[in-house]
Structures are given as structure tokens and as C-alpha cells.
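S.K.: Sharing protein_34.txt (compact mmCIF, C-alpha atoms) below.
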# COMPACT_ATOMS: atom_id res chain seq x y z
CA MET D 846 -56.17 32.22 -53.55
CA HIS D 847 -56.74 34.68 -50.74
CA HIS D 848 -53.17 34.70 -49.46
CA HIS D 849 -51.28 35.13 -52.77
CA LEU D 850 -50.74 38.86 -52.38
CA ILE D 851 -48.13 39.24 -55.13
CA LEU D 852 -50.22 37.28 -57.64
CA ARG D 853 -53.27 39.40 -56.89
CA VAL D 854 -51.47 42.73 -57.23
CA VAL D 855 -49.61 41.71 -60.40
CA THR D 856 -52.80 40.38 -61.97
CA LYS D 857 -54.62 43.64 -61.33
CA LEU D 858 -51.77 45.54 -62.97
CA LEU D 859 -51.53 43.16 -65.91
CA CYS D 860 -55.21 42.80 -66.85
CA GLY D 861 -55.46 46.28 -68.35
CA ALA D 862 -52.19 45.88 -70.24
CA ILE D 863 -53.30 42.53 -71.64
CA MET D 864 -56.56 44.04 -72.92
CA LEU D 865 -54.71 46.95 -74.47
CA PHE D 866 -52.36 44.53 -76.20
CA ALA D 867 -55.39 42.57 -77.46
CA PHE D 868 -56.82 45.73 -79.04
CA TYR D 869 -53.42 46.51 -80.55
CA VAL D 870 -53.19 43.04 -82.10
CA GLN D 871 -56.80 43.32 -83.28
CA PHE D 872 -56.60 46.66 -85.03
CA HIS D 873 -52.94 46.57 -86.03
CA GLY D 874 -53.29 43.17 -87.70
CA ASP D 875 -53.02 44.78 -91.14
CA PHE D 876 -49.51 45.97 -90.38
CA SER D 877 -48.00 43.47 -87.97
CA PRO D 878 -48.43 39.81 -87.08
CA GLY D 879 -51.76 39.02 -85.54
CA GLY D 880 -55.40 39.51 -86.30
CA GLY D 881 -58.81 38.67 -84.98
CA PHE D 882 -58.03 35.16 -83.83
CA GLN D 883 -54.94 36.01 -81.81
CA ALA D 884 -56.53 39.19 -80.44
CA GLY D 885 -59.60 37.24 -79.35
CA VAL D 886 -57.46 34.73 -77.50
CA ILE D 887 -55.45 37.47 -75.76
CA MET D 888 -58.60 39.33 -74.77
CA ALA D 889 -60.02 36.11 -73.33
CA VAL D 890 -56.76 35.55 -71.44
CA ALA D 891 -57.23 38.87 -69.61
CA PHE D 892 -60.54 37.62 -68.19
CA ILE D 893 -59.27 34.10 -67.58
CA VAL D 894 -56.23 35.31 -65.63
CA TYR D 895 -58.54 37.41 -63.48
CA GLY D 896 -60.79 34.40 -62.98
CA VAL D 897 -57.91 32.09 -62.09
CA VAL D 898 -56.58 34.45 -59.42
CA PHE D 899 -59.75 35.96 -57.95
CA GLY D 900 -62.14 33.08 -58.55
CA VAL D 901 -64.52 32.48 -61.42
CA ASN D 902 -67.44 34.08 -59.59
CA GLN D 903 -65.63 37.41 -59.40
CA VAL D 904 -64.92 37.55 -63.12
CA LYS D 905 -68.52 36.54 -63.84
CA LEU D 906 -69.63 39.79 -62.18
CA VAL D 907 -67.59 41.79 -64.71
CA PHE D 908 -68.24 39.60 -67.74
CA PRO D 909 -71.52 37.78 -67.10
CA PRO D 910 -72.05 34.42 -68.85
CA TRP D 911 -75.22 35.52 -70.66
CA PHE D 912 -73.21 38.35 -72.26
CA VAL D 913 -70.36 35.98 -73.21
CA HIS D 914 -72.87 33.64 -74.86
CA LYS D 915 -74.28 36.55 -76.88
CA LEU D 916 -70.73 37.48 -78.00
CA VAL D 917 -70.15 33.96 -79.34
CA ALA D 918 -72.98 34.44 -81.84
CA LEU D 919 -72.44 38.17 -82.39
CA GLY D 920 -69.00 37.68 -83.95
CA VAL D 921 -70.25 35.28 -86.63
CA LEU D 922 -73.14 37.68 -87.22
CA VAL D 923 -70.73 40.60 -87.74
CA TYR D 924 -68.64 38.55 -90.18
CA ALA D 925 -71.56 37.21 -92.20
CA GLY D 926 -73.32 40.58 -91.91
CA THR D 927 -70.34 42.23 -93.62
CA GLY D 928 -70.84 39.84 -96.51
CA ILE D 929 -74.59 40.45 -96.63
CA PHE D 930 -74.02 44.21 -96.49
CA SER D 931 -71.65 44.10 -99.46
CA MET D 932 -74.32 42.11 -101.32
CA TYR D 933 -76.85 44.76 -100.35
CA LEU D 934 -74.58 47.38 -101.97
CA GLY D 935 -74.71 45.42 -105.21
CA TYR D 936 -71.38 43.58 -104.99
CA GLY D 937 -70.55 39.93 -104.34
CA PHE D 938 -70.66 38.29 -100.90
CA LEU D 939 -67.64 39.55 -98.88
CA ASP D 940 -66.47 41.72 -101.79
CA TYR D 941 -64.94 44.55 -99.76
CA GLY D 942 -64.60 46.81 -102.80
CA ALA D 943 -68.22 47.69 -102.05
CA PHE D 944 -67.34 49.79 -99.01
CA ASP D 945 -65.46 52.46 -100.96
CA PRO D 946 -66.24 52.16 -104.68
CA GLY D 947 -64.02 55.08 -105.64
CA HIS D 948 -60.97 53.63 -103.89
CA PRO D 949 -61.14 49.81 -103.77
CA SER D 950 -58.13 49.30 -101.49
CA HIS D 951 -59.71 51.57 -98.84
CA GLY D 952 -62.82 49.44 -99.10
CA GLN D 953 -60.61 46.39 -98.58
CA HIS D 954 -59.19 47.94 -95.40
CA ASN D 955 -62.65 48.62 -94.01
CA GLY D 956 -63.88 45.16 -94.92
CA ILE D 957 -60.85 43.47 -93.36
CA LEU D 958 -61.29 45.47 -90.14
CA ALA D 959 -64.95 44.46 -89.97
CA VAL D 960 -64.43 40.75 -90.50
CA GLU D 961 -61.41 40.63 -88.17
CA LEU D 962 -63.57 42.27 -85.52
CA GLY D 963 -66.14 39.53 -86.05
CA VAL D 964 -63.49 36.82 -85.67
CA GLY D 965 -62.12 38.52 -82.53
CA ILE D 966 -65.53 38.77 -80.87
CA THR D 967 -66.41 35.14 -81.53
CA VAL D 968 -63.03 33.84 -80.37
CA THR D 969 -63.14 35.93 -77.16
CA GLY D 970 -66.65 34.67 -76.47
CA VAL D 971 -65.88 31.02 -77.13
CA MET D 972 -62.65 30.98 -75.10
CA VAL D 973 -64.22 32.67 -72.08
CA ALA D 974 -67.35 30.54 -72.36
CA VAL D 975 -65.29 27.34 -72.46
CA TYR D 976 -63.28 28.54 -69.47
CA TYR D 977 -66.48 29.30 -67.55
CA ALA D 978 -67.86 25.89 -68.45
CA PHE D 979 -64.78 24.16 -67.02
CA ALA D 980 -64.18 26.40 -64.04
CA SER D 981 -67.80 26.50 -62.88
CA ARG D 982 -67.97 22.79 -62.21
CA PRO D 983 -68.14 22.11 -58.47
CA PRO D 984 -65.15 20.10 -57.14
CA THR D 985 -61.98 22.11 -56.77
CA ILE D 986 -58.60 21.40 -55.22
CA ASN D 987 -57.58 23.19 -52.04
CA ASP D 988 -55.01 25.94 -52.34
CA GLU D 989 -52.66 23.95 -50.11
CA ASP D 990 -52.55 20.99 -52.51
CA TRP D 991 -50.87 22.86 -55.37
CA MET M 1425 -26.39 29.29 -87.03
CA GLN M 1426 -29.91 28.53 -88.25
CA THR M 1427 -29.13 24.80 -88.28
CA PHE M 1428 -27.69 25.01 -84.77
CA ILE M 1429 -30.82 26.77 -83.43
CA ASP M 1430 -33.03 24.19 -85.16
CA ILE M 1431 -31.07 21.30 -83.65
CA VAL M 1432 -31.17 22.79 -80.15
CA LEU M 1433 -34.92 23.48 -80.39
CA PHE M 1434 -35.69 19.99 -81.69
CA LEU M 1435 -33.56 18.40 -78.96
CA MET M 1436 -35.44 20.39 -76.33
CA LEU M 1437 -38.74 19.41 -77.97
CA ALA M 1438 -37.77 15.73 -77.82
CA ALA M 1439 -36.59 16.08 -74.21
CA THR M 1440 -39.92 17.70 -73.26
CA ALA M 1441 -41.88 14.95 -75.00
CA ILE M 1442 -39.90 12.21 -73.25
CA SER M 1443 -40.34 13.85 -69.86
CA ILE M 1444 -44.09 14.16 -70.49
CA VAL M 1445 -44.22 10.40 -71.11
CA ARG M 1446 -42.16 9.59 -68.02
CA THR M 1447 -43.74 12.01 -65.53
CA LYS M 1448 -46.58 10.79 -63.32
CA SER M 1449 -47.67 14.12 -61.85
CA LEU M 1450 -50.45 15.49 -64.07
CA PHE M 1451 -49.74 19.07 -62.97
CA ALA M 1452 -46.14 18.75 -64.20
CA ILE M 1453 -47.42 17.21 -67.45
CA VAL M 1454 -49.75 20.15 -68.10
CA MET M 1455 -46.90 22.58 -67.53
CA LEU M 1456 -44.57 20.55 -69.75
CA SER M 1457 -47.15 20.56 -72.55
CA GLY M 1458 -47.18 24.34 -72.25
CA VAL M 1459 -43.39 24.29 -72.62
CA PHE M 1460 -43.80 22.02 -75.65
CA SER M 1461 -46.12 24.57 -77.28
CA LEU M 1462 -43.72 27.43 -76.55
CA LEU M 1463 -40.87 25.50 -78.15
CA SER M 1464 -43.03 24.81 -81.22
CA ALA M 1465 -43.80 28.52 -81.37
CA LEU M 1466 -40.06 29.24 -81.35
CA LEU M 1467 -39.56 26.77 -84.21
CA LEU M 1468 -42.26 28.57 -86.19
CA VAL M 1469 -40.51 31.89 -85.54
CA THR M 1470 -37.29 30.48 -87.00
CA LEU M 1471 -39.36 29.54 -90.08
CA ASP M 1472 -40.48 33.23 -90.31
CA ALA M 1473 -44.10 32.20 -89.73
CA VAL M 1474 -44.70 34.80 -87.03
CA ASP M 1475 -48.48 34.78 -87.32
CA VAL M 1476 -48.63 31.04 -86.74
CA ALA M 1477 -46.08 31.28 -83.93
CA PHE M 1478 -48.21 33.95 -82.29
CA THR M 1479 -51.28 31.72 -82.46
CA GLU M 1480 -49.36 28.72 -81.15
CA ALA M 1481 -48.02 30.71 -78.20
CA ALA M 1482 -51.41 32.21 -77.34
CA VAL M 1483 -53.56 29.10 -77.85
CA GLY M 1484 -51.17 26.21 -77.23
CA ALA M 1485 -49.18 27.62 -74.35
CA GLY M 1486 -51.83 29.96 -72.95
CA ILE M 1487 -55.44 28.89 -73.28
CA SER M 1488 -55.05 25.13 -73.54
CA THR M 1489 -52.77 25.06 -70.48
CA VAL M 1490 -55.40 26.96 -68.50
CA LEU M 1491 -58.16 24.67 -69.74
CA MET M 1492 -56.10 21.60 -68.82
CA LEU M 1493 -55.53 23.06 -65.35
CA GLY M 1494 -59.28 23.62 -65.10
CA THR M 1495 -59.84 19.99 -66.02
CA LEU M 1496 -57.14 18.93 -63.58
CA ALA M 1497 -59.03 20.60 -60.76
CA LEU M 1498 -61.88 18.17 -61.45
CA THR M 1499 -59.78 15.01 -61.36
CA SER M 1500 -56.90 13.53 -59.40
CA ARG M 1501 -53.39 14.89 -59.63
CA THR M 1502 -51.38 11.78 -60.43
CA GLU M 1503 -51.58 9.34 -63.26
CA LYS M 1504 -52.93 5.88 -62.44
CA PRO M 1505 -50.22 3.20 -62.69
CA SER M 1506 -50.73 1.20 -65.85
CA SER M 1507 -52.01 -2.32 -65.16
CA HIS M 1508 -51.13 -4.02 -68.46
CA SER M 1509 -47.98 -4.27 -70.54
CA ASN M 1510 -46.83 -1.42 -72.77
CA PHE M 1511 -45.64 -3.71 -75.55
CA VAL M 1512 -48.63 -3.45 -77.95
CA PRO M 1513 -48.97 0.37 -77.68
CA PHE M 1514 -45.21 0.64 -78.26
CA VAL M 1515 -45.46 -1.40 -81.47
CA VAL M 1516 -48.44 0.70 -82.66
CA VAL M 1517 -46.48 3.89 -82.01
CA LEU M 1518 -43.44 2.54 -83.86
CA ILE M 1519 -45.53 1.57 -86.90
CA THR M 1520 -47.36 4.92 -86.95
CA GLY M 1521 -44.08 6.81 -86.63
CA ALA M 1522 -42.50 4.78 -89.43
CA ALA M 1523 -45.54 5.44 -91.65
CA LEU M 1524 -45.34 9.18 -90.95
CA ILE M 1525 -41.62 9.30 -91.74
CA TYR M 1526 -42.29 7.30 -94.93
CA GLY M 1527 -44.95 9.91 -95.79
CA THR M 1528 -42.49 12.77 -95.48
CA LEU M 1529 -40.22 11.18 -98.12
CA ASP M 1530 -42.67 12.29 -100.82
CA MET M 1531 -42.84 15.85 -99.54
CA PRO M 1532 -40.88 18.61 -101.27
CA ASN M 1533 -37.68 19.73 -99.56
CA PHE M 1534 -37.76 22.71 -97.23
CA GLY M 1535 -37.66 25.93 -99.27
CA ASP M 1536 -38.10 24.10 -102.59
CA PRO M 1537 -39.32 26.75 -105.08
CA ASN M 1538 -41.20 24.08 -107.05
CA ALA M 1539 -43.25 22.93 -104.06
CA PRO M 1540 -47.01 22.91 -104.81
CA ALA M 1541 -47.57 25.65 -102.22
CA HIS M 1542 -45.29 27.98 -104.17
CA VAL M 1543 -46.56 27.39 -107.69
CA HIS M 1544 -50.36 27.40 -107.24
CA VAL M 1545 -52.20 30.64 -106.28
CA GLY M 1546 -49.56 31.77 -103.77
CA PRO M 1547 -47.34 33.87 -106.10
CA ASP M 1548 -50.46 35.43 -107.59
CA TYR M 1549 -51.63 36.63 -104.16
CA LEU M 1550 -48.18 37.94 -103.27
CA GLU M 1551 -47.97 39.86 -106.53
CA ARG M 1552 -51.45 41.38 -106.47
CA SER M 1553 -51.78 42.01 -102.73
CA VAL M 1554 -49.83 45.29 -102.66
CA GLU M 1555 -51.87 46.77 -105.47
CA GLU M 1556 -55.32 45.38 -104.68
CA ILE M 1557 -55.46 45.23 -100.90
CA ASP M 1558 -52.60 47.56 -99.96
CA VAL M 1559 -52.10 45.95 -96.57
CA PRO M 1560 -48.47 45.47 -95.46
CA ASN M 1561 -49.18 42.12 -93.78
CA VAL M 1562 -49.89 39.73 -96.64
CA VAL M 1563 -51.09 37.06 -94.21
CA THR M 1564 -53.97 39.31 -93.21
CA SER M 1565 -54.84 40.18 -96.78
CA ILE M 1566 -54.95 36.50 -97.76
CA LEU M 1567 -56.86 35.38 -94.67
CA ALA M 1568 -59.43 38.14 -94.57
CA SER M 1569 -59.84 39.07 -98.21
CA TYR M 1570 -58.68 36.51 -100.78
CA ARG M 1571 -59.70 33.66 -98.49
CA GLY M 1572 -62.55 35.46 -96.76
CA PHE M 1573 -64.97 32.58 -97.27
CA ASP M 1574 -62.53 30.14 -95.64
CA THR M 1575 -62.12 32.42 -92.64
CA LEU M 1576 -65.89 32.75 -92.34
CA GLY M 1577 -65.99 28.96 -92.27
CA GLU M 1578 -63.29 28.89 -89.58
CA THR M 1579 -65.19 31.38 -87.46
CA ALA M 1580 -68.28 29.21 -87.84
CA VAL M 1581 -66.22 26.21 -86.71
CA VAL M 1582 -65.04 28.07 -83.58
CA PHE M 1583 -68.65 29.10 -82.95
CA THR M 1584 -69.90 25.52 -83.34
CA ALA M 1585 -67.17 24.16 -81.08
CA GLY M 1586 -68.03 26.72 -78.41
CA ILE M 1587 -71.74 25.87 -78.61
CA ALA M 1588 -70.93 22.15 -78.39
CA VAL M 1589 -68.82 22.63 -75.24
CA LEU M 1590 -71.56 24.74 -73.68
CA LEU M 1591 -74.18 22.11 -74.45
CA LEU M 1592 -72.02 19.30 -73.09
CA ILE M 1593 -70.59 20.68 -69.87
CA SER M 1594 -71.90 24.10 -68.98
CA GLY M 1595 -74.98 22.66 -67.26
CA LEU M 1596 -76.99 25.86 -67.81
CA ARG M 1597 -80.33 24.15 -67.49
CA ARG M 1598 -79.30 22.08 -64.50
CA ARG M 1599 -78.16 25.20 -62.65
CA ARG M 1600 -81.52 26.86 -63.24
CA GLU M 1601 -83.27 23.83 -61.76
CA ASP M 1602 -80.86 23.92 -58.81
CA GLU M 1603 -81.67 27.56 -58.18
CA GLU M 1604 -85.38 26.80 -58.28
CA ALA M 1605 -84.80 23.96 -55.86
CA ASP M 1606 -82.83 26.33 -53.60
CA GLU M 1607 -85.63 28.87 -53.70
CA VAL M 1608 -88.12 26.20 -52.74
CA ASP M 1609 -85.82 25.19 -49.88
CA ASP M 1610 -85.48 28.80 -48.76
CA ASN M 1611 -89.23 29.31 -48.82
CA GLU M 1612 -89.74 26.18 -46.81
CA GLY M 1613 -87.08 27.32 -44.36
CA GLN M 1614 -88.82 30.66 -43.88
CA SER M 1615 -92.29 29.21 -43.40
Just dump the structure as C-alpha cells.

M.R.:
Amino acid sequence: MHHHLILRVVTKLLCGAIMLFAFYVQFHGDFSPGGGFQAGVIMAVAFIVYGVVFGVNQVKLVFPPWFVHKLVALGVLVYAGTGIFSMYLGYGFLDYGAFDPGHPSHGQHNGILAVELGVGITVTGVMVAVYYAFASRPPTINDEDW
Amino acid sequence: MQTFIDIVLFLMLAATAISIVRTKSLFAIVMLSGVFSLLSALLLVTLDAVDVAFTEAAVGAGISTVLMLGTLALTSRTEKPSSHSNFVPFVVVLITGAALIYGTLDMPNFGDPNAPAHVHVGPDYLERSVEEIDVPNVVTSILASYRGFDTLGETAVVFTAGIAVLLLISGLRRRREDEEADEVDDNEGQS
């Protein structure tokens, strides 16, 4: 898409805003609609939009596939690790009361943030990885055909 | 007013579905399916299910449209004309639709306070959430805390799906072999 000047400029402006919105949805999920899943999708969209406009090889320089593949597993690890950690502290699996025994609802907040982060990381990873898998396949349509 | 909005949205949904069936251009179909998802998201907003609407808008209208476009780039851009009659599929669709409508007859009415969803653990969660979790968004407190195991399972499902797609179509191993082949070619070219 070398000649779509407006698309390229707007995408560059939007990418940062999209990522910021993803972080907002991620960490404000306790108070407003949203959470890890939606935030992960929005974060992935920032990279996908960049890839669609500038070409998948450009976005792979910023967000290399090996890193994306690590993220896919890291999120599940963070989620399950939260559960294991609460077990380590002598509570049940995923019992967030463990993280602040004196004030259980604070512990709940911390636990929810941790597991939502895990969900967000995995979803970002999977969405971007699936996009890479589709977009990296050889035959593509010419710009003129759209 | 609520009824009017519902009727308009459902009419637009039906119009989108019909135009998807009748359009031959796959690019237009992908875009129309994005429109379909956006309209469903609007319907969910009118039901006050903002979290679900958010997901539908992000996944249905956003990601899946992009993935379909990615797939479209690998195939042709118009649907092949059908070579056999549409009669049998039409009958199958009619029967399935009739069965689904028959199924809804047993479902509780919209907003029925005695619906199973409202008499099981739901009220308990709503009552205890403020005190125990102290998170304003009850959806988050149910998803991440009361139903933490379920969400862990969902995350594992997303993980598994991602791995499956990577195994099927990413071609990681093949690319490595290609690169090796290229290197061999380069070396031969130099010597």
C-alpha cells in the first residue's frame, strides 16, 4: 500500500492511541466494561492495523514472531502461576484472599489484576500469531485489484 | 422506544443476512459480516450487556473481519456459481430454523425473574460481590474471582486454539528449510 498516504499517516497516529486504550481497558476492567480478553484483542488490533497498512514484514520487525509465540504461553503461565502462588501462601488454588490476608478485598483486587493480565497477554499473543500465520502465506492480491 | 430500536436493529440484521446470501463478491460479504457483528453488538448494548457487546465489536467486527480479509487474499474474490439446485439445502435450513424456533418456546420470557439464570447462584454473587470483592464491575468479579477456574479454562482454550492454528498453517518448519535451501543457493551462487 505504498500510495495510500492518508491511510499511512492516520494509522501511525492511531496505533499509539489504540494501545493506550487497550491498557485502559485492561487495567480499568474492575470499574468499567472490559477486561483481559477485550484488552488483548484491542492490543492485537494495534499491531494488525500496522501490519495491514505497512505490510506484515514491517510489523514483524517491531513484534517478532518468536516473541509473540512466547507471549501465547506466558499468559496462561501468569494465570496458572497466580493460582500456584496462592497455594504456596497456604490458600486454595486461585484464592485471591491470599495476597492480602489482613484485607481480603484488596487481595481480590490484586488477584483479579494478575489473572486479567494473564488473559490479556495470551489473547494478544494468539490474535497476532493467527494474523501472522494468515498474512505470511505467499500469494497476495495486487493493490489495484481491491 | 426500546421496542422500536429492537425492531429496527432486527430488520437491519435480517437485511444484512439476506444481502450476504445474495452477494457474489466475497470482499463485500466479508464487510457485510462485519456489519452483522456490529449490529449484534448494538443489540447486546440495548440488553445492557456492555461487556459482551464490547467483545462482539472487537472480535466479531474487528479481528474476524481482518482474518477473513487475510484468507481472502489467498483465494479468489468472487463466489463460484453453484452447479446444483438449492432445493435440498433450502429444506434443511427450513427444518433447522423450525426446530430452533420450537426450542425457544420452552425458554423463559425475556426478563422473567423466575428464569433459571436468575434463581441459581446469580443473586448470591450479586449480593456478596460488593462486600467480598469490592469491585464495581460485577462482571469482572464473577469472571475473574467467583468463576476463576472457568476463566483459566477459557484462557487455556484460547491458548490451544492459537497453538493449533500455528501448527496447521504457520509453516514455521517449512520456512526454516526454505531459508537453508536459500543459503545453499547463495553459497552455490558465490562459488

S.K.: Define the interface residues of chain D facing chain M as those within 7 Å, counting all atoms listed in the file, and report them as a PDB file with C-alpha atoms, in the frame of the given file.

M.R.:
ATOM      1  CA  GLY D 874     -53.290  43.170 -87.700  1.00  0.00           C
ATOM      2  CA  ASP D 875     -53.020  44.780 -91.140  1.00  0.00           C
ATOM      3  CA  PHE D 876     -49.510  45.970 -90.380  1.00  0.00           C
ATOM      4  CA  SER D 877     -48.000  43.470 -87.970  1.00  0.00           C
ATOM      5  CA  PRO D 878     -48.430  39.810 -87.080  1.00  0.00           C
ATOM      6  CA  GLY D 879     -51.760  39.020 -85.540  1.00  0.00           C
ATOM      7  CA  GLN D 883     -54.940  36.010 -81.810  1.00  0.00           C
ATOM      8  CA  VAL D 886     -57.460  34.730 -77.500  1.00  0.00           C
ATOM      9  CA  ILE D 887     -55.450  37.470 -75.760  1.00  0.00           C
ATOM     10  CA  VAL D 917     -70.150  33.960 -79.340  1.00  0.00           C
ATOM     11  CA  ALA D 918     -72.980  34.440 -81.840  1.00  0.00           C
ATOM     12  CA  VAL D 921     -70.250  35.280 -86.630  1.00  0.00           C
ATOM     13  CA  TYR D 924     -68.640  38.550 -90.180  1.00  0.00           C
ATOM     14  CA  LEU D 939     -67.640  39.550 -98.880  1.00  0.00           C
ATOM     15  CA  SER D 950     -58.130  49.300-101.490  1.00  0.00           C
ATOM     16  CA  GLN D 953     -60.610  46.390 -98.580  1.00  0.00           C
ATOM     17  CA  ILE D 957     -60.850  43.470 -93.360  1.00  0.00           C
ATOM     18  CA  VAL D 960     -64.430  40.750 -90.500  1.00  0.00           C
ATOM     19  CA  VAL D 964     -63.490  36.820 -85.670  1.00  0.00           C
ATOM     20  CA  THR D 967     -66.410  35.140 -81.530  1.00  0.00           C
ATOM     21  CA  VAL D 968     -63.030  33.840 -80.370  1.00  0.00           C
ATOM     22  CA  VAL D 971     -65.880  31.020 -77.130  1.00  0.00           C
ATOM     23  CA  VAL D 975     -65.290  27.340 -72.460  1.00  0.00           C
ATOM     24  CA  TYR D 976     -63.280  28.540 -69.470  1.00  0.00           C
ATOM     25  CA  ALA D 978     -67.860  25.890 -68.450  1.00  0.00           C
ATOM     26  CA  PHE D 979     -64.780  24.160 -67.020  1.00  0.00           C
ATOM     27  CA  ALA D 980     -64.180  26.400 -64.040  1.00  0.00           C
ATOM     28  CA  PRO D 984     -65.150  20.100 -57.140  1.00  0.00           C
ATOM     29  CA  THR D 985     -61.980  22.110 -56.770  1.00  0.00           C
ATOM     30  CA  ILE D 986     -58.600  21.400 -55.220  1.00  0.00           C
TER      31      ILE D 986
END

S.K.: Take CA of Met864 in chain D and CA of His914 in chain D and report the distance between them in Å, one decimal.

M.R.: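 So the two atoms, CA of Met864 in chain D and CA of His914 in chain D, lie 19.4 Å apart.
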
S.K.: Calculated over all atoms listed in the file, which of the candidates D:Gly926, D:Pro909, D:Gly880, D:Gly861 has the smallest distance to Ile1566 in chain M?

M.R.: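 Closest candidate: D:Gly880.
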
S.K.: When you draw a straight line from CA of Leu1550 in chain M to CA of His954 in chain D, how long is it in Å?

M.R.: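 Here the two named atoms are 16.8 Å from each other.
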
S.K.: What does the structure give for the distance between CA of Val973 in chain D and CA of Thr1502 in chain M, in Å to one decimal?

M.R.: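 Computing the Euclidean distance for CA of Val973 in chain D and CA of Thr1502 in chain M yields 27.1 Å.
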
S.K.: So that all listed atoms of range 1552-1565 of chain M fit with 4 Å spare on each side, what axis-aligned box centre and edge lengths in Å, to one decimal, would you give as AutoDock Vina command-line options?

M.R.:
--center_x -52.0 --center_y 42.3 --center_z -99.8 --size_x 15.0 --size_y 18.5 --size_z 21.3

S.K.: Name all residues at most 12 Å from Pro946 in chain D (count only C-alpha atoms; drop same-chain ones fewer than 3 positions away) and give them as a list in words.

M.R.: Ser931, Leu934, Gly935, Tyr936, Asp940, Tyr941, Gly942, Ala943, Pro949, Ser950, His951, Gly952, Gln953 and Asn955 of chain D

S.K.: The selected residues should be written to file as a compact mmCIF listing (two decimals), in the frame of the given file (atoms: C-alpha atoms).

M.R.:
# COMPACT_ATOMS: atom_id res chain seq x y z
CA SER D 931 -71.65 44.10 -99.46
CA LEU D 934 -74.58 47.38 -101.97
CA GLY D 935 -74.71 45.42 -105.21
CA TYR D 936 -71.38 43.58 -104.99
CA ASP D 940 -66.47 41.72 -101.79
CA TYR D 941 -64.94 44.55 -99.76
CA GLY D 942 -64.60 46.81 -102.80
CA ALA D 943 -68.22 47.69 -102.05
CA PRO D 949 -61.14 49.81 -103.77
CA SER D 950 -58.13 49.30 -101.49
CA HIS D 951 -59.71 51.57 -98.84
CA GLY D 952 -62.82 49.44 -99.10
CA GLN D 953 -60.61 46.39 -98.58
CA ASN D 955 -62.65 48.62 -94.01

S.K.: Looking at all atoms listed in the file, which of D:Ala925, D:Lys905, D:Ala891, D:Trp911 is the one that sits closest to Leu859 in chain D?

M.R.: D:Ala891

S.K.: As a compact mmCIF listing (two decimals) with C-alpha atoms, keeping the file's coordinate frame, please: the residues near Ile966 in chain D (cut-off 7 Å, all atoms listed in the file, same-chain neighbours under 2 positions excluded).

M.R.:
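The new file result.txt reads:
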# COMPACT_ATOMS: atom_id res chain seq x y z
CA GLY D 885 -59.60 37.24 -79.35
CA LEU D 916 -70.73 37.48 -78.00
CA VAL D 917 -70.15 33.96 -79.34
CA GLY D 920 -69.00 37.68 -83.95
CA LEU D 962 -63.57 42.27 -85.52
CA GLY D 963 -66.14 39.53 -86.05
CA VAL D 964 -63.49 36.82 -85.67
CA VAL D 968 -63.03 33.84 -80.37
CA THR D 969 -63.14 35.93 -77.16
CA GLY D 970 -66.65 34.67 -76.47
